[in-house]
$ cat data-v5.cif   # mmCIF, N, CA and C atoms
data_entry
#
loop_
_atom_site.label_atom_id
_atom_site.label_comp_id
_atom_site.auth_asym_id
_atom_site.auth_seq_id
_atom_site.Cartn_x
_atom_site.Cartn_y
_atom_site.Cartn_z
N ILE F 1 10.43 -8.16 7.51
CA ILE F 1 9.10 -7.61 7.58
C ILE F 1 8.18 -8.57 8.33
N GLU F 2 8.30 -9.86 8.03
CA GLU F 2 7.47 -10.84 8.73
C GLU F 2 7.73 -10.82 10.23
N MET F 3 8.99 -10.70 10.62
CA MET F 3 9.32 -10.67 12.05
C MET F 3 8.76 -9.41 12.71
N LEU F 4 8.89 -8.27 12.06
CA LEU F 4 8.32 -7.04 12.61
C LEU F 4 6.81 -7.17 12.78
N TYR F 5 6.15 -7.73 11.78
CA TYR F 5 4.70 -7.92 11.87
C TYR F 5 4.34 -8.89 12.99
N HIS F 6 5.15 -9.92 13.15
CA HIS F 6 4.90 -10.91 14.20
C HIS F 6 4.90 -10.24 15.59
N TYR F 7 5.86 -9.38 15.83
CA TYR F 7 6.00 -8.74 17.14
C TYR F 7 5.16 -7.48 17.30
N TYR F 8 4.85 -6.81 16.21
CA TYR F 8 4.10 -5.55 16.27
C TYR F 8 3.00 -5.51 15.21
N PRO F 9 2.04 -6.44 15.28
CA PRO F 9 1.01 -6.51 14.23
C PRO F 9 0.15 -5.25 14.12
N GLU F 10 0.00 -4.53 15.20
CA GLU F 10 -0.83 -3.32 15.17
C GLU F 10 -0.21 -2.20 14.33
N ASN F 11 1.08 -2.26 14.11
CA ASN F 11 1.75 -1.20 13.36
C ASN F 11 1.41 -1.19 11.88
N ILE F 12 0.85 -2.27 11.36
CA ILE F 12 0.48 -2.31 9.94
C ILE F 12 -0.65 -1.32 9.67
N ARG F 13 -1.39 -0.93 10.73
CA ARG F 13 -2.50 0.02 10.60
C ARG F 13 -2.17 1.39 11.18
N HIS F 14 -0.92 1.59 11.51
CA HIS F 14 -0.50 2.85 12.14
C HIS F 14 0.04 3.82 11.10
N LYS F 15 -0.54 5.03 11.08
CA LYS F 15 -0.06 6.06 10.15
C LYS F 15 1.03 6.89 10.82
N ASP F 16 1.99 7.33 10.02
CA ASP F 16 3.02 8.22 10.55
C ASP F 16 2.49 9.66 10.56
N LEU F 17 3.33 10.62 10.86
CA LEU F 17 2.90 12.01 10.98
C LEU F 17 2.35 12.59 9.67
N ASN F 18 2.71 12.01 8.56
CA ASN F 18 2.24 12.47 7.26
C ASN F 18 1.10 11.61 6.71
N GLY F 19 0.58 10.73 7.55
CA GLY F 19 -0.54 9.89 7.15
C GLY F 19 -0.17 8.68 6.32
N TYR F 20 1.10 8.33 6.31
CA TYR F 20 1.54 7.17 5.54
C TYR F 20 1.40 5.89 6.35
N LEU F 21 0.79 4.89 5.74
CA LEU F 21 0.77 3.54 6.28
C LEU F 21 1.94 2.77 5.68
N PRO F 22 2.29 1.63 6.26
CA PRO F 22 3.35 0.82 5.65
C PRO F 22 3.09 0.50 4.17
N LEU F 23 1.82 0.31 3.81
CA LEU F 23 1.53 0.00 2.41
C LEU F 23 1.82 1.18 1.50
N HIS F 24 1.61 2.40 1.97
CA HIS F 24 1.97 3.58 1.16
C HIS F 24 3.47 3.59 0.87
N LEU F 25 4.27 3.33 1.88
CA LEU F 25 5.72 3.33 1.70
C LEU F 25 6.16 2.17 0.80
N THR F 26 5.48 1.05 0.93
CA THR F 26 5.76 -0.09 0.06
C THR F 26 5.46 0.26 -1.39
N ALA F 27 4.31 0.88 -1.62
CA ALA F 27 3.92 1.26 -2.99
C ALA F 27 4.93 2.22 -3.60
N ALA F 28 5.44 3.11 -2.78
CA ALA F 28 6.36 4.13 -3.29
C ALA F 28 7.78 3.61 -3.51
N PHE F 29 8.28 2.83 -2.58
CA PHE F 29 9.72 2.58 -2.56
C PHE F 29 10.17 1.12 -2.62
N CYS F 30 9.26 0.17 -2.55
CA CYS F 30 9.66 -1.24 -2.54
C CYS F 30 9.78 -1.78 -3.96
N PRO F 31 10.96 -2.24 -4.36
CA PRO F 31 11.13 -2.76 -5.71
C PRO F 31 10.69 -4.23 -5.85
N SER F 32 10.30 -4.86 -4.76
CA SER F 32 9.99 -6.29 -4.79
C SER F 32 8.48 -6.54 -4.84
N ILE F 33 8.01 -7.20 -5.89
CA ILE F 33 6.59 -7.54 -6.00
C ILE F 33 6.20 -8.51 -4.89
N LYS F 34 7.09 -9.40 -4.52
CA LYS F 34 6.80 -10.37 -3.46
C LYS F 34 6.53 -9.65 -2.13
N ILE F 35 7.35 -8.69 -1.80
CA ILE F 35 7.16 -7.94 -0.55
C ILE F 35 5.91 -7.07 -0.65
N ALA F 36 5.68 -6.45 -1.79
CA ALA F 36 4.48 -5.63 -1.96
C ALA F 36 3.21 -6.46 -1.74
N LYS F 37 3.18 -7.65 -2.31
CA LYS F 37 2.02 -8.53 -2.11
C LYS F 37 1.86 -8.95 -0.66
N PHE F 38 2.98 -9.21 0.01
CA PHE F 38 2.93 -9.61 1.42
C PHE F 38 2.39 -8.47 2.29
N VAL F 39 2.93 -7.27 2.13
CA VAL F 39 2.47 -6.14 2.94
C VAL F 39 1.00 -5.85 2.65
N TYR F 40 0.60 -5.91 1.39
CA TYR F 40 -0.80 -5.73 1.02
C TYR F 40 -1.69 -6.76 1.73
N SER F 41 -1.26 -8.00 1.78
CA SER F 41 -2.07 -9.06 2.38
C SER F 41 -2.32 -8.85 3.87
N LEU F 42 -1.45 -8.08 4.52
CA LEU F 42 -1.59 -7.84 5.96
C LEU F 42 -2.69 -6.83 6.27
N TYR F 43 -3.00 -5.94 5.33
CA TYR F 43 -4.02 -4.91 5.54
C TYR F 43 -4.51 -4.44 4.18
N THR F 44 -5.41 -5.22 3.59
CA THR F 44 -5.86 -4.96 2.21
C THR F 44 -6.60 -3.64 2.06
N ASN F 45 -7.32 -3.21 3.08
CA ASN F 45 -8.07 -1.95 2.97
C ASN F 45 -7.17 -0.73 2.95
N ALA F 46 -5.91 -0.89 3.27
CA ALA F 46 -4.98 0.24 3.23
C ALA F 46 -4.86 0.80 1.82
N VAL F 47 -5.15 0.00 0.82
CA VAL F 47 -5.04 0.46 -0.57
C VAL F 47 -6.01 1.62 -0.84
N GLY F 48 -7.07 1.75 -0.04
CA GLY F 48 -8.03 2.84 -0.20
C GLY F 48 -7.81 4.00 0.75
N SER F 49 -6.75 3.95 1.53
CA SER F 49 -6.46 5.00 2.50
C SER F 49 -5.58 6.08 1.89
N LYS F 50 -5.93 7.33 2.17
CA LYS F 50 -5.14 8.46 1.65
C LYS F 50 -4.14 8.94 2.69
N THR F 51 -3.01 9.44 2.20
CA THR F 51 -2.04 10.09 3.08
C THR F 51 -2.57 11.49 3.41
N SER F 52 -1.87 12.20 4.26
CA SER F 52 -2.24 13.58 4.59
C SER F 52 -2.18 14.48 3.35
N TYR F 53 -1.47 14.05 2.33
CA TYR F 53 -1.34 14.82 1.09
C TYR F 53 -2.37 14.41 0.05
N GLY F 54 -3.23 13.47 0.41
CA GLY F 54 -4.28 13.01 -0.50
C GLY F 54 -3.87 11.90 -1.44
N ASP F 55 -2.68 11.33 -1.24
CA ASP F 55 -2.20 10.27 -2.12
C ASP F 55 -2.70 8.90 -1.68
N LEU F 56 -3.13 8.13 -2.66
CA LEU F 56 -3.42 6.71 -2.48
C LEU F 56 -2.17 5.92 -2.87
N CYS F 57 -2.18 4.64 -2.58
CA CYS F 57 -1.04 3.79 -2.95
C CYS F 57 -0.74 3.85 -4.44
N ILE F 58 -1.77 3.86 -5.26
CA ILE F 58 -1.56 3.90 -6.71
C ILE F 58 -0.84 5.17 -7.12
N HIS F 59 -1.17 6.29 -6.49
CA HIS F 59 -0.48 7.56 -6.81
C HIS F 59 1.01 7.46 -6.49
N LEU F 60 1.31 6.88 -5.34
CA LEU F 60 2.71 6.76 -4.91
C LEU F 60 3.49 5.79 -5.80
N ALA F 61 2.83 4.71 -6.21
CA ALA F 61 3.48 3.75 -7.11
C ALA F 61 3.81 4.40 -8.46
N ILE F 62 2.88 5.24 -8.94
CA ILE F 62 3.11 5.94 -10.22
C ILE F 62 4.26 6.94 -10.08
N LYS F 63 4.24 7.70 -8.99
CA LYS F 63 5.23 8.77 -8.81
C LYS F 63 6.65 8.25 -8.56
N TYR F 64 6.77 7.18 -7.75
CA TYR F 64 8.09 6.84 -7.22
C TYR F 64 8.62 5.44 -7.52
N ASN F 65 7.75 4.48 -7.72
CA ASN F 65 8.25 3.11 -7.84
C ASN F 65 8.77 2.85 -9.24
N THR F 66 9.94 2.22 -9.32
CA THR F 66 10.56 1.96 -10.62
C THR F 66 10.27 0.56 -11.16
N ASN F 67 9.60 -0.27 -10.36
CA ASN F 67 9.28 -1.63 -10.81
C ASN F 67 7.87 -1.63 -11.39
N PHE F 68 7.77 -1.86 -12.69
CA PHE F 68 6.47 -1.83 -13.36
C PHE F 68 5.53 -2.90 -12.80
N GLU F 69 6.05 -4.03 -12.38
CA GLU F 69 5.20 -5.09 -11.79
C GLU F 69 4.53 -4.61 -10.51
N VAL F 70 5.25 -3.85 -9.71
CA VAL F 70 4.67 -3.29 -8.48
C VAL F 70 3.58 -2.29 -8.84
N PHE F 71 3.85 -1.43 -9.81
CA PHE F 71 2.82 -0.49 -10.27
C PHE F 71 1.58 -1.24 -10.73
N LYS F 72 1.74 -2.26 -11.58
CA LYS F 72 0.59 -3.03 -12.09
C LYS F 72 -0.19 -3.66 -10.95
N PHE F 73 0.51 -4.18 -9.95
CA PHE F 73 -0.15 -4.79 -8.80
C PHE F 73 -1.04 -3.77 -8.08
N PHE F 74 -0.50 -2.59 -7.80
CA PHE F 74 -1.29 -1.58 -7.10
C PHE F 74 -2.40 -1.03 -7.97
N TYR F 75 -2.20 -0.96 -9.26
CA TYR F 75 -3.25 -0.53 -10.18
C TYR F 75 -4.44 -1.50 -10.10
N GLN F 76 -4.11 -2.78 -10.13
CA GLN F 76 -5.14 -3.82 -10.05
C GLN F 76 -5.88 -3.76 -8.72
N LYS F 77 -5.15 -3.66 -7.63
CA LYS F 77 -5.77 -3.63 -6.30
C LYS F 77 -6.58 -2.36 -6.09
N HIS F 78 -6.11 -1.25 -6.63
CA HIS F 78 -6.84 0.02 -6.56
C HIS F 78 -8.22 -0.15 -7.18
N HIS F 79 -8.28 -0.70 -8.37
CA HIS F 79 -9.56 -0.87 -9.04
C HIS F 79 -10.45 -1.88 -8.34
N LEU F 80 -9.90 -2.96 -7.86
CA LEU F 80 -10.70 -3.94 -7.12
C LEU F 80 -11.33 -3.32 -5.89
N TYR F 81 -10.54 -2.55 -5.15
CA TYR F 81 -11.04 -1.92 -3.92
C TYR F 81 -12.16 -0.93 -4.22
N PHE F 82 -11.93 -0.02 -5.16
CA PHE F 82 -12.93 1.00 -5.42
C PHE F 82 -14.14 0.48 -6.16
N ASP F 83 -13.98 -0.56 -6.96
CA ASP F 83 -15.15 -1.21 -7.57
C ASP F 83 -16.02 -1.85 -6.49
N SER F 84 -15.38 -2.40 -5.46
CA SER F 84 -16.13 -3.08 -4.40
C SER F 84 -16.94 -2.12 -3.53
N ILE F 85 -16.51 -0.85 -3.46
CA ILE F 85 -17.27 0.12 -2.65
C ILE F 85 -18.10 1.05 -3.54
N GLY F 86 -18.04 0.84 -4.84
CA GLY F 86 -18.86 1.61 -5.76
C GLY F 86 -18.37 3.02 -6.03
N SER F 87 -17.07 3.23 -5.98
CA SER F 87 -16.51 4.55 -6.20
C SER F 87 -15.10 4.40 -6.77
N ILE F 88 -14.63 5.43 -7.47
CA ILE F 88 -13.24 5.39 -7.91
C ILE F 88 -12.35 6.24 -7.01
N PHE F 89 -12.92 7.04 -6.11
CA PHE F 89 -12.13 7.84 -5.18
C PHE F 89 -12.69 7.71 -3.79
#
$ encode --input "data-v5.cif" --output "structure tokens"
Amino acid sequence: IEMLYHYYPENIRHKDLNGYLPLHLTAAFCPSIKIAKFVYSLYTNAVGSKTSYGDLCIHLAIKYNTNFEVFKFFYQKHHLYFDSIGSIF
């Protein structure tokens, strides 16, 4: 992941056809808290970005991720982000 980011840093902000950013996919499918924290650190505001289906990272972590530590991480970041902008959605 670090090498991909090194060569293609702009892709961390690129959405796919369904509106998914790399952080959305990390929240949903990455079992590693270390990788989740790293991808988050590359684009922290992605935690407030919705997919084309209206899902935030926290929604995807709840639906698909099996690592409770990853879920807790996104739960924490979700609240920090929305508290900072004065909204929960």
$ residues_around --input "data-v5.cif" --residues "region 7-23 of chain F" --least-positions-apart "4" --cutoff "7 Å" --atoms "all atoms listed in the file" --output "JSON, numbers by chain"
{"F": [2, 3, 27, 28, 39, 40, 42, 43, 46, 47, 50, 51, 52, 53, 57]}
$ atom_distance --input "data-v5.cif" --atom1 "atom N of Ser32 (chain F)" --atom2 "CA of Phe82 (chain F)"
24.0 Å
$ resolve_selection --input "data-v5.cif" --expression "the PyMOL selection byres ((chain F and resi 58-73) around 6)" --output "PyMOL selection string"
chain F and resi 27-29+31+33+55-57+74-78
$ atom_distance --input "data-v5.cif" --atom1 "atom N of Ile1 (chain F)" --atom2 "CA of His79 (chain F)"
27.0 Å
$ atom_distance --input "data-v5.cif" --atom1 "atom C of Cys30 (chain F)" --atom2 "atom N of Leu80 (chain F)"
20.1 Å
$ select_by_dssp --input "data-v5.cif" --residues "chain F" --states "alpha helix (DSSP H)" --output "compact mmCIF listing (two decimals) with N, CA and C atoms, keeping the file's coordinate frame"
# COMPACT_ATOMS: atom_id res chain seq x y z
N GLU F 2 8.30 -9.86 8.03
CA GLU F 2 7.47 -10.84 8.73
C GLU F 2 7.73 -10.82 10.23
N MET F 3 8.99 -10.70 10.62
CA MET F 3 9.32 -10.67 12.05
C MET F 3 8.76 -9.41 12.71
N LEU F 4 8.89 -8.27 12.06
CA LEU F 4 8.32 -7.04 12.61
C LEU F 4 6.81 -7.17 12.78
N TYR F 5 6.15 -7.73 11.78
CA TYR F 5 4.70 -7.92 11.87
C TYR F 5 4.34 -8.89 12.99
N HIS F 6 5.15 -9.92 13.15
CA HIS F 6 4.90 -10.91 14.20
C HIS F 6 4.90 -10.24 15.59
N TYR F 7 5.86 -9.38 15.83
CA TYR F 7 6.00 -8.74 17.14
C TYR F 7 5.16 -7.48 17.30
N PRO F 22 2.29 1.63 6.26
CA PRO F 22 3.35 0.82 5.65
C PRO F 22 3.09 0.50 4.17
N LEU F 23 1.82 0.31 3.81
CA LEU F 23 1.53 0.00 2.41
C LEU F 23 1.82 1.18 1.50
N HIS F 24 1.61 2.40 1.97
CA HIS F 24 1.97 3.58 1.16
C HIS F 24 3.47 3.59 0.87
N LEU F 25 4.27 3.33 1.88
CA LEU F 25 5.72 3.33 1.70
C LEU F 25 6.16 2.17 0.80
N THR F 26 5.48 1.05 0.93
CA THR F 26 5.76 -0.09 0.06
C THR F 26 5.46 0.26 -1.39
N ALA F 27 4.31 0.88 -1.62
CA ALA F 27 3.92 1.26 -2.99
C ALA F 27 4.93 2.22 -3.60
N ALA F 28 5.44 3.11 -2.78
CA ALA F 28 6.36 4.13 -3.29
C ALA F 28 7.78 3.61 -3.51
N PHE F 29 8.28 2.83 -2.58
CA PHE F 29 9.72 2.58 -2.56
C PHE F 29 10.17 1.12 -2.62
N ILE F 33 8.01 -7.20 -5.89
CA ILE F 33 6.59 -7.54 -6.00
C ILE F 33 6.20 -8.51 -4.89
N LYS F 34 7.09 -9.40 -4.52
CA LYS F 34 6.80 -10.37 -3.46
C LYS F 34 6.53 -9.65 -2.13
N ILE F 35 7.35 -8.69 -1.80
CA ILE F 35 7.16 -7.94 -0.55
C ILE F 35 5.91 -7.07 -0.65
N ALA F 36 5.68 -6.45 -1.79
CA ALA F 36 4.48 -5.63 -1.96
C ALA F 36 3.21 -6.46 -1.74
N LYS F 37 3.18 -7.65 -2.31
CA LYS F 37 2.02 -8.53 -2.11
C LYS F 37 1.86 -8.95 -0.66
N PHE F 38 2.98 -9.21 0.01
CA PHE F 38 2.93 -9.61 1.42
C PHE F 38 2.39 -8.47 2.29
N VAL F 39 2.93 -7.27 2.13
CA VAL F 39 2.47 -6.14 2.94
C VAL F 39 1.00 -5.85 2.65
N TYR F 40 0.60 -5.91 1.39
CA TYR F 40 -0.80 -5.73 1.02
C TYR F 40 -1.69 -6.76 1.73
N SER F 41 -1.26 -8.00 1.78
CA SER F 41 -2.07 -9.06 2.38
C SER F 41 -2.32 -8.85 3.87
N LEU F 42 -1.45 -8.08 4.52
CA LEU F 42 -1.59 -7.84 5.96
C LEU F 42 -2.69 -6.83 6.27
N CYS F 57 -2.18 4.64 -2.58
CA CYS F 57 -1.04 3.79 -2.95
C CYS F 57 -0.74 3.85 -4.44
N ILE F 58 -1.77 3.86 -5.26
CA ILE F 58 -1.56 3.90 -6.71
C ILE F 58 -0.84 5.17 -7.12
N HIS F 59 -1.17 6.29 -6.49
CA HIS F 59 -0.48 7.56 -6.81
C HIS F 59 1.01 7.46 -6.49
N LEU F 60 1.31 6.88 -5.34
CA LEU F 60 2.71 6.76 -4.91
C LEU F 60 3.49 5.79 -5.80
N ALA F 61 2.83 4.71 -6.21
CA ALA F 61 3.48 3.75 -7.11
C ALA F 61 3.81 4.40 -8.46
N ILE F 62 2.88 5.24 -8.94
CA ILE F 62 3.11 5.94 -10.22
C ILE F 62 4.26 6.94 -10.08
N LYS F 63 4.24 7.70 -8.99
CA LYS F 63 5.23 8.77 -8.81
C LYS F 63 6.65 8.25 -8.56
N TYR F 64 6.77 7.18 -7.75
CA TYR F 64 8.09 6.84 -7.22
C TYR F 64 8.62 5.44 -7.52
N PHE F 68 7.77 -1.86 -12.69
CA PHE F 68 6.47 -1.83 -13.36
C PHE F 68 5.53 -2.90 -12.80
N GLU F 69 6.05 -4.03 -12.38
CA GLU F 69 5.20 -5.09 -11.79
C GLU F 69 4.53 -4.61 -10.51
N VAL F 70 5.25 -3.85 -9.71
CA VAL F 70 4.67 -3.29 -8.48
C VAL F 70 3.58 -2.29 -8.84
N PHE F 71 3.85 -1.43 -9.81
CA PHE F 71 2.82 -0.49 -10.27
C PHE F 71 1.58 -1.24 -10.73
N LYS F 72 1.74 -2.26 -11.58
CA LYS F 72 0.59 -3.03 -12.09
C LYS F 72 -0.19 -3.66 -10.95
N PHE F 73 0.51 -4.18 -9.95
CA PHE F 73 -0.15 -4.79 -8.80
C PHE F 73 -1.04 -3.77 -8.08
N PHE F 74 -0.50 -2.59 -7.80
CA PHE F 74 -1.29 -1.58 -7.10
C PHE F 74 -2.40 -1.03 -7.97
N TYR F 75 -2.20 -0.96 -9.26
CA TYR F 75 -3.25 -0.53 -10.18
C TYR F 75 -4.44 -1.50 -10.10
N GLN F 76 -4.11 -2.78 -10.13
CA GLN F 76 -5.14 -3.82 -10.05
C GLN F 76 -5.88 -3.76 -8.72
N LYS F 77 -5.15 -3.66 -7.63
CA LYS F 77 -5.77 -3.63 -6.30
C LYS F 77 -6.58 -2.36 -6.09
N HIS F 78 -6.11 -1.25 -6.63
CA HIS F 78 -6.84 0.02 -6.56
C HIS F 78 -8.22 -0.15 -7.18
N HIS F 79 -8.28 -0.70 -8.37
CA HIS F 79 -9.56 -0.87 -9.04
C HIS F 79 -10.45 -1.88 -8.34
N LEU F 80 -9.90 -2.96 -7.86
CA LEU F 80 -10.70 -3.94 -7.12
C LEU F 80 -11.33 -3.32 -5.89
N TYR F 81 -10.54 -2.55 -5.15
CA TYR F 81 -11.04 -1.92 -3.92
C TYR F 81 -12.16 -0.93 -4.22
N PHE F 82 -11.93 -0.02 -5.16
CA PHE F 82 -12.93 1.00 -5.42
C PHE F 82 -14.14 0.48 -6.16
N ASP F 83 -13.98 -0.56 -6.96
CA ASP F 83 -15.15 -1.21 -7.57
C ASP F 83 -16.02 -1.85 -6.49
N SER F 84 -15.38 -2.40 -5.46
CA SER F 84 -16.13 -3.08 -4.40
C SER F 84 -16.94 -2.12 -3.53
N ILE F 85 -16.51 -0.85 -3.46
CA ILE F 85 -17.27 0.12 -2.65
C ILE F 85 -18.10 1.05 -3.54
$ build_atoms --input "data-v5.cif" --residues "region 5-15 of chain F" --atoms "all heavy atoms" --output "short mmCIF file (atom, residue, chain, number, x, y, z; two decimals), keeping the file's coordinate frame"
data_model
loop_
_atom_site.label_atom_id
_atom_site.label_comp_id
_atom_site.auth_asym_id
_atom_site.auth_seq_id
_atom_site.Cartn_x
_atom_site.Cartn_y
_atom_site.Cartn_z
N TYR F 5 6.15 -7.73 11.78
CA TYR F 5 4.70 -7.92 11.87
C TYR F 5 4.34 -8.89 12.99
O TYR F 5 3.37 -8.68 13.71
CB TYR F 5 4.12 -8.40 10.54
CG TYR F 5 2.63 -8.57 10.62
CD1 TYR F 5 1.79 -7.47 10.70
CD2 TYR F 5 2.06 -9.84 10.64
CE1 TYR F 5 0.42 -7.61 10.79
CE2 TYR F 5 0.69 -10.00 10.74
CZ TYR F 5 -0.13 -8.88 10.81
OH TYR F 5 -1.50 -9.04 10.91
N HIS F 6 5.15 -9.92 13.15
CA HIS F 6 4.90 -10.91 14.20
C HIS F 6 4.90 -10.24 15.59
O HIS F 6 4.06 -10.52 16.42
CB HIS F 6 5.94 -12.03 14.14
CG HIS F 6 5.82 -13.02 15.24
ND1 HIS F 6 4.82 -13.98 15.27
CD2 HIS F 6 6.55 -13.19 16.38
CE1 HIS F 6 4.95 -14.69 16.38
NE2 HIS F 6 6.00 -14.23 17.06
N TYR F 7 5.86 -9.38 15.83
CA TYR F 7 6.00 -8.74 17.14
C TYR F 7 5.16 -7.48 17.30
O TYR F 7 4.81 -7.11 18.42
CB TYR F 7 7.48 -8.42 17.42
CG TYR F 7 8.27 -9.67 17.70
CD1 TYR F 7 9.14 -10.18 16.74
CD2 TYR F 7 8.12 -10.36 18.89
CE1 TYR F 7 9.86 -11.35 16.98
CE2 TYR F 7 8.83 -11.53 19.14
CZ TYR F 7 9.69 -12.01 18.18
OH TYR F 7 10.39 -13.17 18.42
N TYR F 8 4.85 -6.81 16.21
CA TYR F 8 4.10 -5.55 16.27
C TYR F 8 3.00 -5.51 15.21
O TYR F 8 2.99 -4.66 14.32
CB TYR F 8 5.04 -4.35 16.05
CG TYR F 8 6.23 -4.35 16.97
CD1 TYR F 8 7.48 -4.76 16.52
CD2 TYR F 8 6.10 -3.94 18.30
CE1 TYR F 8 8.57 -4.77 17.37
CE2 TYR F 8 7.19 -3.94 19.16
CZ TYR F 8 8.42 -4.35 18.69
OH TYR F 8 9.49 -4.36 19.53
N PRO F 9 2.04 -6.44 15.28
CA PRO F 9 1.01 -6.51 14.23
C PRO F 9 0.15 -5.25 14.12
O PRO F 9 -0.34 -4.93 13.04
CB PRO F 9 0.18 -7.73 14.63
CG PRO F 9 0.42 -7.89 16.09
CD PRO F 9 1.82 -7.41 16.33
N GLU F 10 0.00 -4.53 15.20
CA GLU F 10 -0.83 -3.32 15.17
C GLU F 10 -0.21 -2.20 14.33
O GLU F 10 -0.91 -1.31 13.85
CB GLU F 10 -1.11 -2.81 16.59
CG GLU F 10 0.11 -2.28 17.33
CD GLU F 10 1.06 -3.31 17.94
OE1 GLU F 10 0.80 -4.53 17.86
OE2 GLU F 10 2.08 -2.88 18.49
N ASN F 11 1.08 -2.26 14.11
CA ASN F 11 1.75 -1.20 13.36
C ASN F 11 1.41 -1.19 11.88
O ASN F 11 1.63 -0.18 11.21
CB ASN F 11 3.26 -1.27 13.54
CG ASN F 11 3.68 -0.76 14.91
OD1 ASN F 11 2.88 -0.20 15.64
ND2 ASN F 11 4.92 -0.99 15.27
N ILE F 12 0.85 -2.27 11.36
CA ILE F 12 0.48 -2.31 9.94
C ILE F 12 -0.65 -1.32 9.67
O ILE F 12 -0.84 -0.87 8.55
CB ILE F 12 0.12 -3.74 9.50
CG1 ILE F 12 0.24 -3.89 7.98
CG2 ILE F 12 -1.27 -4.14 9.97
CD1 ILE F 12 1.63 -3.88 7.47
N ARG F 13 -1.39 -0.93 10.73
CA ARG F 13 -2.50 0.02 10.60
C ARG F 13 -2.17 1.39 11.18
O ARG F 13 -3.03 2.25 11.29
CB ARG F 13 -3.74 -0.53 11.31
CG ARG F 13 -4.24 -1.82 10.70
CD ARG F 13 -5.34 -2.43 11.56
NE ARG F 13 -5.69 -3.75 11.09
CZ ARG F 13 -6.69 -4.01 10.27
NH1 ARG F 13 -7.46 -3.05 9.85
NH2 ARG F 13 -6.94 -5.24 9.89
N HIS F 14 -0.92 1.59 11.51
CA HIS F 14 -0.50 2.85 12.14
C HIS F 14 0.04 3.82 11.10
O HIS F 14 0.94 3.50 10.33
CB HIS F 14 0.59 2.56 13.19
CG HIS F 14 1.11 3.80 13.85
ND1 HIS F 14 0.42 4.43 14.85
CD2 HIS F 14 2.22 4.51 13.63
CE1 HIS F 14 1.11 5.51 15.22
NE2 HIS F 14 2.21 5.57 14.49
N LYS F 15 -0.54 5.03 11.08
CA LYS F 15 -0.06 6.06 10.15
C LYS F 15 1.03 6.89 10.82
O LYS F 15 0.98 7.14 12.02
CB LYS F 15 -1.21 6.99 9.75
CG LYS F 15 -2.22 6.33 8.85
CD LYS F 15 -3.25 7.33 8.37
CE LYS F 15 -4.16 6.69 7.33
NZ LYS F 15 -5.02 7.69 6.69
#
